[in-house]
Amino acid sequence: MDGGILRDLRNMTRGTREYNKKSQNPGMNSSGQSTLDSCQGQQVKSCAGCGGRIFDRYLLHAVDRYWHTGCLKCSCCQTTLGDFNSCFVKAGMIFCRNDYLRLFGNGGSCGSCGQTISAGELVMKTGHSVYHVKCFTCVTCRHQLVTGDRYSIVNGALLCEQDSVKGLKEQKDA
């Protein structure tokens, strides 16, 4: 992330819980062979926090690494992030929401209405523009765009998929 702009939680690196299959005996498989490097055909993951192997039923995947649920912590306050929906990353450091906002939360201004975006406000981001959620609308039909909607940016203006297709047809016909 650059510029310290608060991004929509949907655009942040998220920690997710994953099920870690484990065998009945974590050290041996049914034929008595060592399974320290794999569990039921899956690679045993190493924790990015403590370096230990993760044999727990659940593990976290955040910042392209695996973690024990108790090892993923905020770099500032050391709060365990295993029970939260997201974590924030800047300069290789992991933050809880509160510390990220405290340290880097300058909201900037909305690409549609031009008004200030507060640091704690959820936003929609596209390219280098940031929008209030309510301002993330098609300039033609005023339909509010939500996560998952298809849209285009034409000359800096947001267009929903339908109006974008109409505009392309009109350009072809002209």
# chains A, B, ... in the order shown; residues from 1 in each chain; ligands from 1
call {"tool": "residues_around", "arguments": {"residues": "segment 168-174 of chain A", "least_positions_apart": "6", "cutoff": "12 Å", "atoms": "only C-alpha atoms", "output": "PDB file with N, CA, C and O atoms, in the first residue's frame"}}
result
ATOM      1  N   SER A 152     -16.852   0.494 -15.802  1.00  0.00           N
ATOM      2  CA  SER A 152     -15.745   1.025 -16.593  1.00  0.00           C
ATOM      3  C   SER A 152     -15.475   2.443 -16.133  1.00  0.00           C
ATOM      4  O   SER A 152     -16.350   3.117 -15.586  1.00  0.00           O
ATOM      5  N   VAL A 154     -14.405   5.854 -17.916  1.00  0.00           N
ATOM      6  CA  VAL A 154     -14.221   6.513 -19.199  1.00  0.00           C
ATOM      7  C   VAL A 154     -13.975   7.988 -18.928  1.00  0.00           C
ATOM      8  O   VAL A 154     -14.838   8.667 -18.367  1.00  0.00           O
ATOM      9  N   LEU A 159     -18.867   4.310 -15.036  1.00  0.00           N
ATOM     10  CA  LEU A 159     -20.048   3.871 -15.778  1.00  0.00           C
ATOM     11  C   LEU A 159     -20.359   2.433 -15.403  1.00  0.00           C
ATOM     12  O   LEU A 159     -19.456   1.589 -15.388  1.00  0.00           O
ATOM     13  N   GLU A 161     -21.933  -1.337 -16.044  1.00  0.00           N
ATOM     14  CA  GLU A 161     -21.701  -2.189 -17.213  1.00  0.00           C
ATOM     15  C   GLU A 161     -22.683  -1.885 -18.345  1.00  0.00           C
ATOM     16  O   GLU A 161     -22.288  -1.797 -19.511  1.00  0.00           O
ATOM     17  N   GLN A 162     -23.962  -1.682 -18.014  1.00  0.00           N
ATOM     18  CA  GLN A 162     -24.971  -1.425 -19.038  1.00  0.00           C
ATOM     19  C   GLN A 162     -24.689  -0.122 -19.789  1.00  0.00           C
ATOM     20  O   GLN A 162     -24.747  -0.070 -21.007  1.00  0.00           O
TER      21      GLN A 162
END
call {"tool": "closest_residue", "arguments": {"among": "A:Gly49, A:Gly127, A:Gly108, A:Gly167", "to": "Ile94 of chain A", "atoms": "only C-alpha atoms"}}
result
A:Gly49
call {"tool": "select_by_dssp", "arguments": {"residues": "segment 85-125 of chain A", "states": "helix (DSSP H, G or I)", "output": "mmCIF file with C-alpha atoms, in the first residue's frame"}}
result
data_model
loop_
_atom_site.group_PDB
_atom_site.id
_atom_site.type_symbol
_atom_site.label_atom_id
_atom_site.label_comp_id
_atom_site.auth_asym_id
_atom_site.auth_seq_id
_atom_site.Cartn_x
_atom_site.Cartn_y
_atom_site.Cartn_z
ATOM 1 C CA ARG A 97 -7.565 -1.811 12.387
ATOM 2 C CA ASN A 98 -7.200 0.658 15.288
ATOM 3 C CA ASP A 99 -3.417 0.954 15.045
ATOM 4 C CA TYR A 100 -3.475 1.186 11.255
ATOM 5 C CA LEU A 101 -5.971 4.060 11.399
ATOM 6 C CA ARG A 102 -4.032 5.759 14.184
ATOM 7 C CA LEU A 103 -0.745 5.582 12.280
ATOM 8 C CA PHE A 104 -1.715 5.896 8.623
#
call {"tool": "atom_distance", "arguments": {"atom1": "atom CA of Arg142 of chain A", "atom2": "atom CA of Ser164 of chain A"}}
result
13.0 Å
call {"tool": "closest_residue", "arguments": {"among": "A:Cys160, A:Ala48, A:Met93, A:Val130", "to": "His143 of chain A", "atoms": "only C-alpha atoms"}}
result
A:Cys160
